[in-house]
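Chemist: File protein_36.json below, JSON, C-alpha atoms:
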[["chain", "number", "residue", "atom", "x", "y", "z"],
["A", 6, "MET", "CA", 116.56, 115.85, 109.45],
["A", 7, "PHE", "CA", 114.85, 112.48, 109.12],
["A", 8, "HIS", "CA", 115.23, 109.28, 111.15],
["A", 9, "ILE", "CA", 114.84, 105.86, 109.52],
["A", 10, "VAL", "CA", 113.87, 102.79, 111.59],
["A", 11, "ASP", "CA", 113.94, 99.50, 109.69],
["A", 12, "ASP", "CA", 115.36, 96.08, 110.48],
["A", 13, "ASN", "CA", 116.34, 95.53, 106.82],
["A", 14, "TYR", "CA", 119.90, 96.87, 106.58],
["A", 15, "ALA", "CA", 120.02, 97.24, 102.79],
["A", 16, "LEU", "CA", 116.68, 99.04, 102.57],
["A", 17, "ARG", "CA", 117.42, 101.26, 105.55],
["A", 18, "GLU", "CA", 120.80, 102.38, 104.24],
["A", 19, "MET", "CA", 119.48, 102.83, 100.70],
["A", 20, "LEU", "CA", 116.76, 105.13, 102.04],
["A", 21, "VAL", "CA", 119.30, 107.13, 104.04],
["A", 22, "GLU", "CA", 121.47, 107.49, 100.94],
["A", 23, "ILE", "CA", 118.51, 108.64, 98.80],
["A", 24, "LEU", "CA", 117.45, 111.18, 101.43],
["A", 25, "ARG", "CA", 121.01, 112.51, 101.61],
["A", 26, "GLU", "CA", 121.16, 112.77, 97.80],
["A", 27, "LEU", "CA", 117.94, 114.80, 98.00],
["A", 28, "GLY", "CA", 119.77, 117.18, 100.33],
["A", 29, "HIS", "CA", 118.48, 115.98, 103.70],
["A", 30, "VAL", "CA", 120.24, 114.86, 106.85],
["A", 31, "ALA", "CA", 119.21, 111.30, 107.71],
["A", 32, "PHE", "CA", 120.15, 108.82, 110.42],
["A", 33, "SER", "CA", 119.25, 105.14, 110.58],
["A", 34, "PHE", "CA", 118.32, 102.73, 113.33],
["A", 35, "SER", "CA", 118.03, 98.94, 113.08],
["A", 36, "SER", "CA", 115.11, 98.54, 115.48],
["A", 37, "ALA", "CA", 112.44, 100.37, 117.40],
["A", 38, "LEU", "CA", 114.24, 99.55, 120.64],
["A", 39, "GLU", "CA", 117.49, 101.04, 119.33],
["A", 40, "TYR", "CA", 115.61, 104.21, 118.41],
["A", 41, "LEU", "CA", 113.91, 104.48, 121.80],
["A", 42, "ASP", "CA", 117.29, 104.06, 123.46],
["A", 43, "PHE", "CA", 118.74, 106.83, 121.28],
["A", 44, "MET", "CA", 115.94, 109.15, 122.39],
["A", 45, "THR", "CA", 117.45, 109.16, 125.89],
["A", 46, "ASP", "CA", 120.88, 110.21, 124.57],
["A", 47, "SER", "CA", 121.99, 113.80, 125.12],
["A", 48, "ASP", "CA", 122.74, 114.03, 121.37],
["A", 49, "TYR", "CA", 119.12, 113.31, 120.45],
["A", 50, "ALA", "CA", 117.50, 115.99, 118.31],
["A", 51, "ARG", "CA", 113.92, 115.75, 117.08],
["A", 52, "PRO", "CA", 113.66, 115.00, 113.38],
["A", 53, "VAL", "CA", 111.14, 116.47, 110.98],
["A", 54, "ALA", "CA", 109.70, 112.94, 110.79],
["A", 55, "ILE", "CA", 110.47, 109.32, 111.53],
["A", 56, "PHE", "CA", 110.23, 106.77, 108.73],
["A", 57, "THR", "CA", 109.44, 103.41, 110.30],
["A", 58, "ASP", "CA", 108.89, 99.92, 108.99],
["A", 59, "VAL", "CA", 105.73, 98.25, 110.24],
["A", 60, "LYS", "CA", 106.92, 94.67, 110.71],
["A", 61, "MET", "CA", 110.07, 94.45, 112.79],
["A", 62, "PRO", "CA", 111.20, 91.98, 115.43],
["A", 63, "GLY", "CA", 110.77, 93.02, 119.06],
["A", 64, "MET", "CA", 108.55, 96.05, 118.53],
["A", 65, "ASN", "CA", 106.60, 96.98, 115.42],
["A", 66, "GLY", "CA", 106.36, 100.42, 113.86],
["A", 67, "PHE", "CA", 102.95, 101.21, 115.32],
["A", 68, "GLU", "CA", 104.18, 100.40, 118.83],
["A", 69, "LEU", "CA", 107.16, 102.68, 118.17],
["A", 70, "MET", "CA", 104.81, 105.49, 117.13],
["A", 71, "SER", "CA", 102.80, 105.08, 120.29],
["A", 72, "ARG", "CA", 105.89, 105.16, 122.53],
["A", 73, "VAL", "CA", 107.49, 108.15, 120.80],
["A", 74, "GLN", "CA", 104.23, 110.11, 120.77],
["A", 75, "LYS", "CA", 103.91, 109.71, 124.54],
["A", 76, "ARG", "CA", 106.95, 111.99, 124.74],
["A", 77, "TYR", "CA", 106.42, 114.04, 121.55],
["A", 78, "ARG", "CA", 102.71, 114.09, 120.80],
["A", 79, "ASP", "CA", 103.15, 115.92, 117.52],
["A", 80, "MET", "CA", 105.94, 113.73, 116.08],
["A", 81, "LYS", "CA", 105.26, 112.92, 112.46],
["A", 82, "PHE", "CA", 105.64, 109.39, 111.11],
["A", 83, "VAL", "CA", 105.91, 107.85, 107.69],
["A", 84, "VAL", "CA", 104.94, 104.19, 107.79],
["A", 85, "MET", "CA", 106.91, 102.02, 105.36],
["A", 86, "THR", "CA", 105.39, 98.70, 104.44],
["A", 87, "GLY", "CA", 105.10, 96.08, 101.78],
["A", 88, "TYR", "CA", 101.77, 95.11, 103.34],
["A", 89, "ALA", "CA", 99.65, 98.16, 102.49],
["A", 90, "ASP", "CA", 96.45, 96.09, 102.61],
["A", 91, "GLU", "CA", 96.96, 95.59, 106.36],
["A", 92, "LEU", "CA", 97.11, 99.31, 107.21],
["A", 93, "PRO", "CA", 93.58, 100.75, 107.40],
["A", 94, "ALA", "CA", 93.02, 100.08, 111.12],
["A", 95, "LYS", "CA", 96.26, 101.83, 112.12],
["A", 96, "MET", "CA", 96.31, 104.42, 109.35],
["A", 97, "GLN", "CA", 94.94, 107.19, 111.55],
["A", 98, "GLU", "CA", 98.19, 107.17, 113.52],
["A", 99, "ALA", "CA", 100.54, 107.90, 110.60],
["A", 100, "CYS", "CA", 101.13, 111.07, 108.60],
["A", 101, "LEU", "CA", 102.08, 109.28, 105.40],
["A", 102, "VAL", "CA", 102.51, 105.78, 104.01],
["A", 103, "LEU", "CA", 105.43, 104.75, 101.83],
["A", 104, "THR", "CA", 104.72, 101.41, 100.20],
["A", 105, "LYS", "CA", 107.57, 99.09, 99.31],
["A", 106, "PRO", "CA", 108.95, 99.04, 96.74],
["A", 107, "PHE", "CA", 108.81, 102.82, 96.70],
["A", 108, "GLN", "CA", 109.34, 105.39, 93.99],
["A", 109, "ILE", "CA", 112.00, 108.03, 94.54],
["A", 110, "ASP", "CA", 109.82, 110.83, 93.17],
["A", 111, "LEU", "CA", 107.09, 109.95, 95.67],
["A", 112, "LEU", "CA", 109.65, 109.89, 98.49],
["A", 113, "GLU", "CA", 110.82, 113.34, 97.39],
["A", 114, "LYS", "CA", 107.24, 114.70, 97.42],
["A", 115, "MET", "CA", 106.70, 113.24, 100.88],
["A", 116, "THR", "CA", 109.84, 114.82, 102.33],
["A", 117, "GLU", "CA", 108.93, 118.20, 100.81],
["A", 118, "LEU", "CA", 105.42, 117.94, 102.29],
["A", 119, "LEU", "CA", 106.76, 116.97, 105.71],
["A", 120, "ILE", "CA", 109.22, 119.86, 105.74],
["A", 121, "GLU", "CA", 106.55, 122.35, 104.67],
["A", 122, "CYS", "CA", 104.22, 121.01, 107.36],
["A", 123, "HIS", "CA", 107.01, 121.10, 109.94],
["A", 124, "HIS", "CA", 107.65, 124.78, 109.21],
["A", 125, "GLY", "CA", 103.96, 125.67, 108.96],
["A", 126, "ARG", "CA", 104.17, 126.66, 105.30],
["A", 127, "LEU", "CA", 101.59, 124.41, 103.65],
["A", 128, "GLY", "CA", 99.05, 127.17, 103.17],
["A", 129, "GLU", "CA", 95.94, 125.89, 101.42],
["A", 130, "SER", "CA", 97.37, 122.41, 100.82],
["A", 131, "ARG", "CA", 96.43, 119.62, 103.16],
["A", 132, "CYS", "CA", 98.23, 116.34, 103.84],
["A", 133, "ASN", "CA", 95.28, 114.34, 102.56],
["A", 134, "GLN", "CA", 94.78, 116.51, 99.47],
["A", 135, "VAL", "CA", 98.14, 116.02, 97.77],
["A", 136, "ALA", "CA", 97.11, 114.35, 94.52],
["A", 137, "GLU", "CA", 100.01, 111.89, 94.27],
["A", 138, "LEU", "CA", 99.44, 110.71, 97.85],
["A", 139, "LYS", "CA", 95.65, 110.53, 97.89],
["A", 140, "PRO", "CA", 95.38, 106.95, 96.55],
["A", 141, "LEU", "CA", 97.38, 105.70, 99.56],
["A", 142, "TYR", "CA", 94.76, 106.70, 102.10],
["A", 143, "PRO", "CA", 91.22, 105.74, 103.05],
["A", 144, "SER", "CA", 88.79, 108.42, 101.82],
["A", 145, "ASN", "CA", 88.04, 109.66, 105.36],
["A", 146, "TRP", "CA", 91.70, 109.99, 106.44],
["A", 147, "GLN", "CA", 92.69, 113.18, 108.28],
["A", 148, "CYS", "CA", 96.08, 114.33, 109.50],
["A", 149, "PRO", "CA", 96.50, 112.74, 112.95],
["A", 150, "HIS", "CA", 97.94, 115.95, 114.39],
["A", 151, "GLN", "CA", 94.82, 118.07, 114.19],
["A", 152, "PRO", "CA", 94.23, 120.62, 115.52],
["A", 153, "SER", "CA", 97.89, 121.22, 116.45],
["A", 154, "CYS", "CA", 99.31, 120.47, 113.00],
["A", 155, "SER", "CA", 99.80, 123.42, 110.73],
["A", 156, "CYS", "CA", 99.05, 121.23, 107.71],
["A", 157, "ILE", "CA", 95.31, 121.02, 108.31]]
Render the structure in this file as structure tokens.

Modeler:
Amino acid sequence: MFHIVDDNYALREMLVEILRELGHVAFSFSSALEYLDFMTDSDYARPVAIFTDVKMPGMNGFELMSRVQKRYRDMKFVVMTGYADELPAKMQEACLVLTKPFQIDLLEKMTELLIECHHGRLGESRCNQVAELKPLYPSNWQCPHQPSCSCI
């Protein structure tokens, strides 16, 4: 299961639809505050990862990560942005980056990686060694969940 947090309705719902077509359960939220509110609901179940936009009104994606990780330190995040050049300072906090506009095959590789990591089945692979994803990260990037993450 994946959660999508983005203030852009069309993009958010398109991403949910793509994830569902790839065979995943996905739920969407229009803001970081809506998501944080949902976390207090008795129906809340932890997702494999949260896909969050960076620039949103009220609370940005990095603030959302910080708030969620106070409760779930090992929660995995995929940062979605059309402003990839602004990411290096905050990059250490995210598992993966999905740049807009995104490619469906890259999204599929990311979800597979996140699921494998979630279930501790990555083996010799490492988050920062997946060839298709490597160009998205600074050369010194490490999975932010070490040493607790099974993907490192």

Chemist: Any idea what the distance is between atom CA of A:Met61 and atom CA of A:Glu121?

Modeler: 29.3 Å

Chemist: Name the residues in contact with A:Asn65 at a cut-off of 12 Å, using all atoms listed in the file, excluding same-chain residues fewer than 2 positions from it; report them as a PyMOL selection string.

Modeler: chain A and resi 10-12+35-38+40+57-63+67-72+84-86+95

Chemist: With 7 Å as the threshold, what does the neighbourhood of (112.0, 110.8, 127.3) contain in terms of residues, counting all atoms listed in the file? Coordinates are those of the file; answer as a PyMOL selection string.

Modeler: chain A and resi 44-45+76

Chemist: Report, in Å with one decimal, the straight-line distance from atom CA of A:Cys100 to atom CA of A:Arg51.

Modeler: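 Atom CA of A:Cys100 sits 16.0 Å away from atom CA of A:Arg51.
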
Chemist: Just checking: using all atoms listed in the file, which residue out of A:Leu111, A:Leu41, A:Val102, A:Cys122 ends up closest to A:Val73?

Modeler: A:Leu41

Chemist: Please measure the separation of atom CA of A:Met115 and atom CA of A:Leu20, giving the value in Å to one decimal.

Modeler: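 Atom CA of A:Met115 sits 13.0 Å away from atom CA of A:Leu20.
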
Chemist: For A:Glu18, list every protein, DNA or RNA residue within 10 Å, evaluated using only C-alpha atoms, and leave out those in the same chain fewer than 6 positions away; present the list as an MDAnalysis selection string.

Modeler: chainID A and resid 9 11 24 31:35

Chemist: Could you check which of A:Ile23, A:Ala50, A:Met6, A:Leu16 is closest to A:Pro106, using all atoms listed in the file?

Modeler: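 Using all atoms listed in the file, the shortest distance to A:Pro106 belongs to A:Leu16.
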
Chemist: Quick one: of A:Glu113, A:Ser47, A:Leu118, A:Lys105, who's nearest to A:Arg25, counting only C-alpha atoms?

Modeler: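 Selected residue with least distance to A:Arg25: A:Glu113.
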